[in-house]
>>> print(open('work.pdb').read())   # PDB, C-alpha atoms
ATOM      1  CA  LEU A   1     -50.891  38.247  53.652
ATOM      2  CA  SER A   2     -53.931  39.183  55.726
ATOM      3  CA  GLY A   3     -54.416  40.246  59.328
ATOM      4  CA  LEU A   4     -55.744  37.924  62.028
ATOM      5  CA  GLN A   5     -59.235  39.348  61.674
ATOM      6  CA  ASP A   6     -59.175  39.461  57.871
ATOM      7  CA  GLU A   7     -59.259  35.753  56.941
ATOM      8  CA  LEU A   8     -62.694  36.118  55.349
ATOM      9  CA  LEU A   9     -61.303  38.958  53.239
ATOM     10  CA  ALA A  10     -58.390  36.723  52.231
ATOM     11  CA  VAL A  11     -60.771  33.928  51.198
ATOM     12  CA  LYS A  12     -62.751  36.415  49.129
ATOM     13  CA  ALA A  13     -59.516  37.559  47.476
ATOM     14  CA  VAL A  14     -58.819  33.953  46.465
ATOM     15  CA  GLN A  15     -62.338  33.683  45.060
ATOM     16  CA  GLU A  16     -61.660  36.795  42.995
ATOM     17  CA  GLY A  17     -58.489  35.365  41.502
ATOM     18  CA  ALA A  18     -55.714  35.431  44.116
ATOM     19  CA  GLN A  19     -53.646  32.233  44.089
ATOM     20  CA  ASP A  20     -53.232  31.752  47.856
ATOM     21  CA  TYR A  21     -53.167  33.571  51.170
ATOM     22  CA  LEU A  22     -51.327  33.537  54.478
ATOM     23  CA  VAL A  23     -52.715  34.837  57.771
ATOM     24  CA  LYS A  24     -50.486  36.950  60.030
ATOM     25  CA  GLY A  25     -49.691  35.196  63.262
ATOM     26  CA  ARG A  26     -50.180  31.789  61.651
ATOM     27  CA  VAL A  27     -47.249  31.897  59.258
ATOM     28  CA  ASP A  28     -44.690  29.180  59.922
ATOM     29  CA  GLY A  29     -42.347  27.028  57.883
ATOM     30  CA  ALA A  30     -45.074  24.546  56.996
ATOM     31  CA  ALA A  31     -47.434  27.266  55.741
ATOM     32  CA  ILE A  32     -44.746  28.926  53.653
ATOM     33  CA  GLY A  33     -43.653  25.550  52.289
ATOM     34  CA  ARG A  34     -47.256  24.747  51.354
ATOM     35  CA  SER A  35     -47.675  28.067  49.537
ATOM     36  CA  ILE A  36     -44.430  27.568  47.606
ATOM     37  CA  ARG A  37     -45.382  23.996  46.709
ATOM     38  CA  TYR A  38     -48.803  25.086  45.472
ATOM     39  CA  ALA A  39     -47.226  27.894  43.442
ATOM     40  CA  VAL A  40     -44.794  25.460  41.785
ATOM     41  CA  GLU A  41     -47.603  23.016  41.016
ATOM     42  CA  ARG A  42     -49.767  25.787  39.531
ATOM     43  CA  LYS A  43     -46.906  26.980  37.332
ATOM     44  CA  ALA A  44     -46.188  23.452  36.130
ATOM     45  CA  LEU A  45     -49.856  22.971  35.277
ATOM     46  CA  GLU A  46     -49.956  26.282  33.400
ATOM     47  CA  MET A  47     -46.880  25.307  31.380
ATOM     48  CA  GLN A  48     -48.338  21.884  30.623
ATOM     49  CA  THR A  49     -51.617  23.422  29.459
ATOM     50  CA  ALA A  50     -49.790  25.963  27.271
ATOM     51  CA  HIS A  51     -47.656  23.200  25.742
ATOM     52  CA  LYS A  52     -50.718  21.102  24.900
ATOM     53  CA  ALA A  53     -52.387  24.084  23.242
ATOM     54  CA  LEU A  54     -49.436  24.661  20.904
ATOM     55  CA  HIS A  55     -48.213  21.133  20.151
ATOM     56  CA  ASP A  56     -49.594  18.152  18.298
ATOM     57  CA  PRO A  57     -50.810  15.609  20.886
ATOM     58  CA  LEU A  58     -49.536  12.578  18.935
ATOM     59  CA  THR A  59     -46.076  13.608  17.721
ATOM     60  CA  GLY A  60     -45.288  16.415  20.154
ATOM     61  CA  LEU A  61     -44.314  18.649  17.231
ATOM     62  CA  PRO A  62     -45.477  22.278  17.053
ATOM     63  CA  ASN A  63     -48.998  22.538  15.690
ATOM     64  CA  ARG A  64     -50.365  24.895  13.060
ATOM     65  CA  ASP A  65     -50.850  27.797  15.500
ATOM     66  CA  LEU A  66     -47.320  27.633  16.907
ATOM     67  CA  PHE A  67     -45.859  27.223  13.415
ATOM     68  CA  HIS A  68     -47.654  30.333  12.170
ATOM     69  CA  ASP A  69     -46.384  32.271  15.185
ATOM     70  CA  ARG A  70     -42.796  31.172  14.564
ATOM     71  CA  LEU A  71     -43.130  31.878  10.852
ATOM     72  CA  THR A  72     -44.353  35.402  11.579
ATOM     73  CA  HIS A  73     -41.364  36.081  13.834
ATOM     74  CA  ALA A  74     -38.984  34.439  11.357
ATOM     75  CA  VAL A  75     -40.253  36.665   8.550
ATOM     76  CA  THR A  76     -39.769  39.730  10.745
ATOM     77  CA  ARG A  77     -36.193  38.705  11.529
ATOM     78  CA  ALA A  78     -35.505  37.898   7.865
ATOM     79  CA  LYS A  79     -36.664  41.347   6.794
ATOM     80  CA  ARG A  80     -34.626  43.048   9.508
ATOM     81  CA  HIS A  81     -31.411  41.129   8.803
ATOM     82  CA  GLU A  82     -32.004  40.629   5.065
ATOM     83  CA  SER A  83     -31.640  36.876   5.489
ATOM     84  CA  LEU A  84     -33.399  33.930   3.851
ATOM     85  CA  ILE A  85     -35.987  31.454   5.106
ATOM     86  CA  GLY A  86     -36.549  27.937   3.789
ATOM     87  CA  LEU A  87     -39.946  26.198   3.833
ATOM     88  CA  MET A  88     -40.685  22.566   3.049
ATOM     89  CA  PHE A  89     -44.015  20.766   2.755
ATOM     90  CA  LEU A  90     -44.102  17.018   3.456
ATOM     91  CA  ASP A  91     -46.991  14.716   2.696
ATOM     92  CA  LEU A  92     -47.182  10.911   3.024
ATOM     93  CA  ASP A  93     -48.607   9.163  -0.031
ATOM     94  CA  ARG A  94     -50.931   6.172   0.441
ATOM     95  CA  PHE A  95     -51.152   6.788   4.179
ATOM     96  CA  LYS A  96     -54.889   5.996   4.425
ATOM     97  CA  PRO A  97     -54.478   2.317   3.382
ATOM     98  CA  ILE A  98     -52.036   1.858   6.278
ATOM     99  CA  ASN A  99     -54.647   3.064   8.764
ATOM    100  CA  ASP A 100     -57.438   1.100   7.073
ATOM    101  CA  THR A 101     -55.526  -2.177   6.758
ATOM    102  CA  LEU A 102     -53.044  -2.231   9.635
ATOM    103  CA  GLY A 103     -54.972  -0.089  12.085
ATOM    104  CA  HIS A 104     -54.485   3.374  13.502
ATOM    105  CA  ALA A 105     -51.859   2.127  15.949
ATOM    106  CA  MET A 106     -49.537   1.371  13.038
ATOM    107  CA  GLY A 107     -50.371   4.704  11.415
ATOM    108  CA  ASP A 108     -49.632   6.541  14.660
ATOM    109  CA  LYS A 109     -46.351   4.649  15.005
ATOM    110  CA  LEU A 110     -45.354   5.781  11.518
ATOM    111  CA  LEU A 111     -46.229   9.423  12.207
ATOM    112  CA  MET A 112     -44.350   9.485  15.513
ATOM    113  CA  ALA A 113     -41.284   7.868  13.938
ATOM    114  CA  LEU A 114     -41.405  10.389  11.105
ATOM    115  CA  ALA A 115     -41.588  13.255  13.591
ATOM    116  CA  ARG A 116     -38.462  12.001  15.370
ATOM    117  CA  ARG A 117     -36.620  11.711  12.044
ATOM    118  CA  LEU A 118     -37.507  15.302  11.245
ATOM    119  CA  GLU A 119     -36.302  16.545  14.624
ATOM    120  CA  ASP A 120     -33.056  14.566  14.418
ATOM    121  CA  GLY A 121     -32.337  15.771  10.878
ATOM    122  CA  LEU A 122     -32.825  19.473  11.533
ATOM    123  CA  ARG A 123     -30.899  22.196  13.332
ATOM    124  CA  GLY A 124     -32.074  23.445  16.693
ATOM    125  CA  SER A 125     -33.197  26.708  15.087
ATOM    126  CA  ASP A 126     -35.447  24.923  12.570
ATOM    127  CA  THR A 127     -39.116  24.160  13.214
ATOM    128  CA  PRO A 128     -40.831  20.958  12.067
ATOM    129  CA  ALA A 129     -44.612  21.085  12.538
ATOM    130  CA  ARG A 130     -47.558  18.786  11.985
ATOM    131  CA  PHE A 131     -50.476  20.515  10.333
ATOM    132  CA  GLY A 132     -52.763  17.514  10.708
ATOM    133  CA  GLY A 133     -53.183  14.019   9.307
ATOM    134  CA  ASP A 134     -50.068  13.178   7.292
ATOM    135  CA  GLU A 135     -49.149  16.787   6.510
ATOM    136  CA  PHE A 136     -45.925  18.258   7.895
ATOM    137  CA  VAL A 137     -44.181  21.588   7.300
ATOM    138  CA  VAL A 138     -40.561  22.536   8.059
ATOM    139  CA  LEU A 139     -39.294  26.081   8.631
ATOM    140  CA  CYS A 140     -35.539  26.672   8.250
ATOM    141  CA  GLU A 141     -34.156  30.054   9.274
ATOM    142  CA  ASP A 142     -30.904  31.723   8.199
ATOM    143  CA  VAL A 143     -30.311  29.566   5.143
ATOM    144  CA  ALA A 144     -27.508  30.591   2.783
ATOM    145  CA  ASP A 145     -29.344  30.082  -0.496
ATOM    146  CA  GLU A 146     -31.738  27.785  -2.339
ATOM    147  CA  GLN A 147     -29.171  24.979  -2.530
ATOM    148  CA  HIS A 148     -28.825  25.075   1.255
ATOM    149  CA  VAL A 149     -32.556  24.347   1.585
ATOM    150  CA  VAL A 150     -32.309  21.601  -1.034
ATOM    151  CA  ALA A 151     -29.427  20.000   0.901
ATOM    152  CA  ILE A 152     -31.530  19.989   4.090
ATOM    153  CA  ALA A 153     -34.466  18.488   2.174
ATOM    154  CA  GLU A 154     -32.268  15.753   0.699
ATOM    155  CA  ARG A 155     -30.878  14.925   4.139
ATOM    156  CA  LEU A 156     -34.419  14.586   5.490
ATOM    157  CA  GLN A 157     -35.439  12.517   2.484
ATOM    158  CA  ARG A 158     -32.632  10.026   3.152
ATOM    159  CA  ALA A 159     -33.580   9.760   6.828
ATOM    160  CA  ILE A 160     -37.244   9.211   5.962
ATOM    161  CA  ALA A 161     -36.363   6.641   3.281
ATOM    162  CA  GLN A 162     -34.419   4.660   5.899
ATOM    163  CA  LEU A 163     -37.447   4.775   8.172
ATOM    164  CA  PHE A 164     -39.763   3.504   5.437
ATOM    165  CA  THR A 165     -37.313   0.755   4.495
ATOM    166  CA  ARG A 166     -37.280  -0.465   8.080
ATOM    167  CA  LEU A 167     -41.064  -0.318   8.416
ATOM    168  CA  ALA A 168     -41.447  -2.086   5.057
ATOM    169  CA  ALA A 169     -39.922  -5.132   6.679
ATOM    170  CA  GLU A 170     -42.832  -5.117   9.115
ATOM    171  CA  SER A 171     -45.555  -4.566   6.523
ATOM    172  CA  PRO A 172     -45.637  -4.765   2.712
ATOM    173  CA  LEU A 173     -48.019  -1.776   2.668
ATOM    174  CA  VAL A 174     -45.309   0.561   3.954
ATOM    175  CA  GLN A 175     -43.009   1.267   1.010
ATOM    176  CA  PRO A 176     -40.035   3.636   0.790
ATOM    177  CA  ALA A 177     -40.546   4.506  -2.884
ATOM    178  CA  LEU A 178     -42.486   7.584  -3.979
ATOM    179  CA  PRO A 179     -45.118   7.173  -6.709
ATOM    180  CA  GLN A 180     -44.355   8.276 -10.263
ATOM    181  CA  ASP A 181     -46.310  11.505  -9.957
ATOM    182  CA  ALA A 182     -45.070  12.408  -6.465
ATOM    183  CA  GLY A 183     -43.029  15.299  -7.814
ATOM    184  CA  ALA A 184     -46.080  16.886  -9.403
ATOM    185  CA  GLU A 185     -48.087  16.407  -6.217
ATOM    186  CA  LEU A 186     -45.335  18.004  -4.112
ATOM    187  CA  ASP A 187     -44.996  20.873  -6.574
ATOM    188  CA  GLY A 188     -48.726  21.530  -6.314
ATOM    189  CA  ALA A 189     -48.637  21.420  -2.528
ATOM    190  CA  SER A 190     -45.639  23.753  -2.458
ATOM    191  CA  GLU A 191     -47.380  26.206  -4.777
ATOM    192  CA  ALA A 192     -50.465  26.225  -2.574
ATOM    193  CA  LEU A 193     -48.367  26.792   0.550
ATOM    194  CA  GLY A 194     -46.342  29.485  -1.208
ATOM    195  CA  ALA A 195     -49.492  31.306  -2.281
ATOM    196  CA  ALA A 196     -50.773  31.286   1.292
ATOM    197  CA  ILE A 197     -47.478  32.651   2.624
ATOM    198  CA  ARG A 198     -47.354  35.337  -0.067
ATOM    199  CA  ARG A 199     -50.808  36.501   1.016
ATOM    200  CA  GLN A 200     -49.720  36.647   4.675
ATOM    201  CA  THR A 201     -46.245  38.150   4.297
ATOM    202  CA  GLY A 202     -46.034  39.739   0.860
ATOM    203  CA  LEU A 203     -42.700  37.974   0.315
ATOM    204  CA  PRO A 204     -41.855  36.083  -2.898
ATOM    205  CA  ILE A 205     -41.513  32.310  -2.941
ATOM    206  CA  LEU A 206     -39.129  30.532  -5.286
ATOM    207  CA  PRO A 207     -40.211  26.860  -5.507
ATOM    208  CA  HIS A 208     -37.780  23.992  -5.925
ATOM    209  CA  HIS A 209     -39.797  20.753  -5.991
ATOM    210  CA  SER A 210     -40.651  20.072  -2.323
ATOM    211  CA  ALA A 211     -38.319  22.780  -1.011
ATOM    212  CA  GLY A 212     -38.429  26.521  -1.437
ATOM    213  CA  TRP A 213     -36.844  29.669  -0.137
ATOM    214  CA  LEU A 214     -38.096  33.137   0.446
ATOM    215  CA  GLY A 215     -36.540  36.436   1.294
TER     216      GLY A 215
END
>>> encode(input="work.pdb", output="structure tokens")
Amino acid sequence: LSGLQDELLAVKAVQEGAQDYLVKGRVDGAAIGRSIRYAVERKALEMQTAHKALHDPLTGLPNRDLFHDRLTHAVTRAKRHESLIGLMFLDLDRFKPINDTLGHAMGDKLLMALARRLEDGLRGSDTPARFGGDEFVVLCEDVADEQHVVAIAERLQRAIAQLFTRLAAESPLVQPALPQDAGAELDGASEALGAAIRRQTGLPILPHHSAGWLG
């Protein structure tokens, strides 16, 4: 709020980073309303920009950066409360042929549908994230034990299998069955993820196929 003779100073303040200014003697309902409207619009834009920076643009799931931030806080809480954390790594086999044969639109449709299945099958406190391509990771906090994580993983598996069965009706390239060596591939992926988390947190990882728990 500047004086009548200080409008140039107010403009300079805006140039230096101030969001808006009002001049004494010229403040009325319209001016105040304009300032409030601009402030609301700026805040909405800031929130939109922050959301885009931390979420996958296709699926809307948290991205790698947001997942790492939540994992860091989850580990801190787990240490403080002596609780357990579950981590799951998900990878779609034979995803490239879908993009190559049916087009990226079909591939994107599959990824977005998978993201919704993950969100619907998890608790509000859990975090599903897309790391990129067809790689997804799920963080489950406050799990009771290893079997609790396995139960969550099996529930997600059933939901995803239903999705693939439905999409298989649209294209023979989309199949609900996992390949014979899928277990070995998931074990390898889980071991790699576990090693990375051990390096970051110093906590042990106990693998169980595609699901694991740490504490």
>>> atom_distance(input="work.pdb", atom1="atom CA of Gly124 of chain A", atom2="atom CA of Val150 of chain A")
17.8 Å
>>> residues_around(input="work.pdb", residues="Arg116 of chain A", least_positions_apart="5", cutoff="10 Å", atoms="only C-alpha atoms", output="tab-separated table (two decimals) with C-alpha atoms, keeping the file's coordinate frame")
chain	number	residue	atom	x	y	z
A	59	THR	CA	-46.08	13.61	17.72
A	60	GLY	CA	-45.29	16.42	20.15
A	61	LEU	CA	-44.31	18.65	17.23
A	111	LEU	CA	-46.23	9.42	12.21
A	121	GLY	CA	-32.34	15.77	10.88
A	128	PRO	CA	-40.83	20.96	12.07
A	160	ILE	CA	-37.24	9.21	5.96
>>> atom_distance(input="work.pdb", atom1="atom CA of Phe95 of chain A", atom2="atom CA of Gly133 of chain A")
9.1 Å
>>> resolve_selection(input="work.pdb", expression="the PyMOL selection byres ((chain A and resi 85) around 8)", output="PyMOL selection string")
chain A and resi 74-75+78+83-84+86-87+139-143+213-215
>>> atom_distance(input="work.pdb", atom1="atom CA of Val137 of chain A", atom2="atom CA of Ala44 of chain A")
29.0 Å
>>> closest_residue(input="work.pdb", among="A:Lys43, A:Arg34, A:Arg94, A:His51", to="Gly107 of chain A", atoms="all atoms listed in the file")
A:Arg94
>>> axis_aligned_box(input="work.pdb", around="segment 61-67 of chain A", padding_each_side="3 Å", output="lines of an AutoDock Vina configuration file")
center_x = -47.6
center_y = 23.2
center_z = 15.1
size_x = 12.5
size_y = 15.1
size_z = 10.2
>>> resolve_selection(input="work.pdb", expression="the PyMOL selection byres ((chain A and resi 152) around 12)", output="PDB file with C-alpha atoms, in the coordinates of the input")
ATOM      1  CA  GLY A  86     -36.549  27.937   3.789  1.00  0.00           C
ATOM      2  CA  LEU A  87     -39.946  26.198   3.833  1.00  0.00           C
ATOM      3  CA  MET A  88     -40.685  22.566   3.049  1.00  0.00           C
ATOM      4  CA  LEU A 118     -37.507  15.302  11.245  1.00  0.00           C
ATOM      5  CA  ASP A 120     -33.056  14.566  14.418  1.00  0.00           C
ATOM      6  CA  GLY A 121     -32.337  15.771  10.878  1.00  0.00           C
ATOM      7  CA  LEU A 122     -32.825  19.473  11.533  1.00  0.00           C
ATOM      8  CA  ARG A 123     -30.899  22.196  13.332  1.00  0.00           C
ATOM      9  CA  ASP A 126     -35.447  24.923  12.570  1.00  0.00           C
ATOM     10  CA  VAL A 138     -40.561  22.536   8.059  1.00  0.00           C
ATOM     11  CA  LEU A 139     -39.294  26.081   8.631  1.00  0.00           C
ATOM     12  CA  CYS A 140     -35.539  26.672   8.250  1.00  0.00           C
ATOM     13  CA  GLU A 141     -34.156  30.054   9.274  1.00  0.00           C
ATOM     14  CA  VAL A 143     -30.311  29.566   5.143  1.00  0.00           C
ATOM     15  CA  ALA A 144     -27.508  30.591   2.783  1.00  0.00           C
ATOM     16  CA  ASP A 145     -29.344  30.082  -0.496  1.00  0.00           C
ATOM     17  CA  GLU A 146     -31.738  27.785  -2.339  1.00  0.00           C
ATOM     18  CA  GLN A 147     -29.171  24.979  -2.530  1.00  0.00           C
ATOM     19  CA  HIS A 148     -28.825  25.075   1.255  1.00  0.00           C
ATOM     20  CA  VAL A 149     -32.556  24.347   1.585  1.00  0.00           C
ATOM     21  CA  VAL A 150     -32.309  21.601  -1.034  1.00  0.00           C
ATOM     22  CA  ALA A 151     -29.427  20.000   0.901  1.00  0.00           C
ATOM     23  CA  ALA A 153     -34.466  18.488   2.174  1.00  0.00           C
ATOM     24  CA  GLU A 154     -32.268  15.753   0.699  1.00  0.00           C
ATOM     25  CA  ARG A 155     -30.878  14.925   4.139  1.00  0.00           C
ATOM     26  CA  LEU A 156     -34.419  14.586   5.490  1.00  0.00           C
ATOM     27  CA  GLN A 157     -35.439  12.517   2.484  1.00  0.00           C
ATOM     28  CA  ARG A 158     -32.632  10.026   3.152  1.00  0.00           C
ATOM     29  CA  ALA A 159     -33.580   9.760   6.828  1.00  0.00           C
ATOM     30  CA  SER A 210     -40.651  20.072  -2.323  1.00  0.00           C
ATOM     31  CA  ALA A 211     -38.319  22.780  -1.011  1.00  0.00           C
ATOM     32  CA  GLY A 212     -38.429  26.521  -1.437  1.00  0.00           C
ATOM     33  CA  TRP A 213     -36.844  29.669  -0.137  1.00  0.00           C
TER      34      TRP A 213
END
>>> resolve_selection(input="work.pdb", expression="the PyMOL selection byres ((chain A and resi 131) around 6)", output="list in words")
Asn63, Arg64, Arg130, Gly132, Glu135 and Phe136 of chain A
>>> closest_residue(input="work.pdb", among="A:Ile98, A:Ala161, A:Leu71, A:Ile36", to="Asp134 of chain A", atoms="only C-alpha atoms")
A:Ile98
>>> build_atoms(input="work.pdb", residues="segment 130-141 of chain A", atoms="all heavy atoms", output="CSV table (one decimal), in the frame of the given file")
chain,number,residue,atom,x,y,z
A,130,ARG,N,-46.5,19.6,12.6
A,130,ARG,CA,-47.6,18.8,12.0
A,130,ARG,C,-48.8,19.6,11.8
A,130,ARG,O,-49.3,20.1,12.8
A,130,ARG,CB,-47.8,17.6,12.9
A,130,ARG,CG,-48.9,16.6,12.2
A,130,ARG,CD,-49.2,15.5,13.2
A,130,ARG,NE,-50.2,14.6,12.6
A,130,ARG,CZ,-51.1,13.8,13.2
A,130,ARG,NH1,-51.0,13.8,14.6
A,130,ARG,NH2,-51.9,13.1,12.6
A,131,PHE,N,-49.3,19.7,10.6
A,131,PHE,CA,-50.5,20.5,10.3
A,131,PHE,C,-51.7,19.7,10.5
A,131,PHE,O,-52.8,20.2,10.6
A,131,PHE,CB,-50.4,21.1,8.9
A,131,PHE,CG,-49.8,22.4,8.8
A,131,PHE,CD1,-48.9,22.8,9.8
A,131,PHE,CD2,-50.2,23.3,7.8
A,131,PHE,CE1,-48.3,24.1,9.7
A,131,PHE,CE2,-49.6,24.6,7.8
A,131,PHE,CZ,-48.7,25.0,8.7
A,132,GLY,N,-51.6,18.4,10.6
A,132,GLY,CA,-52.8,17.5,10.7
A,132,GLY,C,-52.7,16.3,9.8
A,132,GLY,O,-52.1,16.5,8.7
A,133,GLY,N,-53.2,15.2,10.2
A,133,GLY,CA,-53.2,14.0,9.3
A,133,GLY,C,-51.7,13.6,9.0
A,133,GLY,O,-50.9,13.4,9.9
A,134,ASP,N,-51.4,13.5,7.7
A,134,ASP,CA,-50.1,13.2,7.3
A,134,ASP,C,-49.3,14.4,6.7
A,134,ASP,O,-48.4,14.2,5.9
A,134,ASP,CB,-50.1,12.0,6.3
A,134,ASP,CG,-50.9,12.3,5.0
A,134,ASP,OD1,-51.6,13.4,5.0
A,134,ASP,OD2,-50.8,11.6,4.1
A,135,GLU,N,-49.7,15.6,7.1
A,135,GLU,CA,-49.1,16.8,6.5
A,135,GLU,C,-48.2,17.4,7.5
A,135,GLU,O,-48.6,17.7,8.7
A,135,GLU,CB,-50.2,17.8,6.1
A,135,GLU,CG,-51.2,17.3,5.0
A,135,GLU,CD,-52.2,18.3,4.7
A,135,GLU,OE1,-52.3,19.3,5.5
A,135,GLU,OE2,-53.0,18.1,3.7
A,136,PHE,N,-47.0,17.6,7.1
A,136,PHE,CA,-45.9,18.3,7.9
A,136,PHE,C,-45.3,19.4,7.1
A,136,PHE,O,-45.3,19.4,5.9
A,136,PHE,CB,-44.8,17.2,8.2
A,136,PHE,CG,-45.3,16.1,9.1
A,136,PHE,CD1,-45.9,15.0,8.5
A,136,PHE,CD2,-45.1,16.1,10.4
A,136,PHE,CE1,-46.3,13.9,9.3
A,136,PHE,CE2,-45.5,15.0,11.2
A,136,PHE,CZ,-46.1,13.9,10.6
A,137,VAL,N,-44.8,20.4,7.9
A,137,VAL,CA,-44.2,21.6,7.3
A,137,VAL,C,-42.9,21.8,8.1
A,137,VAL,O,-42.9,21.7,9.3
A,137,VAL,CB,-45.1,22.8,7.3
A,137,VAL,CG1,-44.4,24.0,6.7
A,137,VAL,CG2,-46.4,22.6,6.6
A,138,VAL,N,-41.8,22.2,7.4
A,138,VAL,CA,-40.6,22.5,8.1
A,138,VAL,C,-40.2,24.0,7.7
A,138,VAL,O,-40.2,24.4,6.6
A,138,VAL,CB,-39.5,21.6,7.6
A,138,VAL,CG1,-38.1,22.0,8.2
A,138,VAL,CG2,-39.8,20.1,8.0
A,139,LEU,N,-39.8,24.7,8.8
A,139,LEU,CA,-39.3,26.1,8.6
A,139,LEU,C,-37.8,26.1,9.0
A,139,LEU,O,-37.4,25.7,10.0
A,139,LEU,CB,-40.0,27.0,9.6
A,139,LEU,CG,-39.4,28.4,9.8
A,139,LEU,CD1,-39.5,29.2,8.5
A,139,LEU,CD2,-40.2,29.1,10.9
A,140,CYS,N,-37.0,26.6,8.0
A,140,CYS,CA,-35.5,26.7,8.2
A,140,CYS,C,-35.1,28.1,8.2
A,140,CYS,O,-35.3,28.8,7.1
A,140,CYS,CB,-34.8,25.9,7.2
A,140,CYS,SG,-35.2,24.1,7.2
A,141,GLU,N,-34.6,28.7,9.2
A,141,GLU,CA,-34.2,30.1,9.3
A,141,GLU,C,-32.7,30.2,8.9
A,141,GLU,O,-31.9,29.2,9.1
A,141,GLU,CB,-34.4,30.7,10.7
A,141,GLU,CG,-35.9,30.7,11.0
A,141,GLU,CD,-36.1,31.6,12.3
A,141,GLU,OE1,-35.7,32.7,12.3
A,141,GLU,OE2,-36.7,31.1,13.2
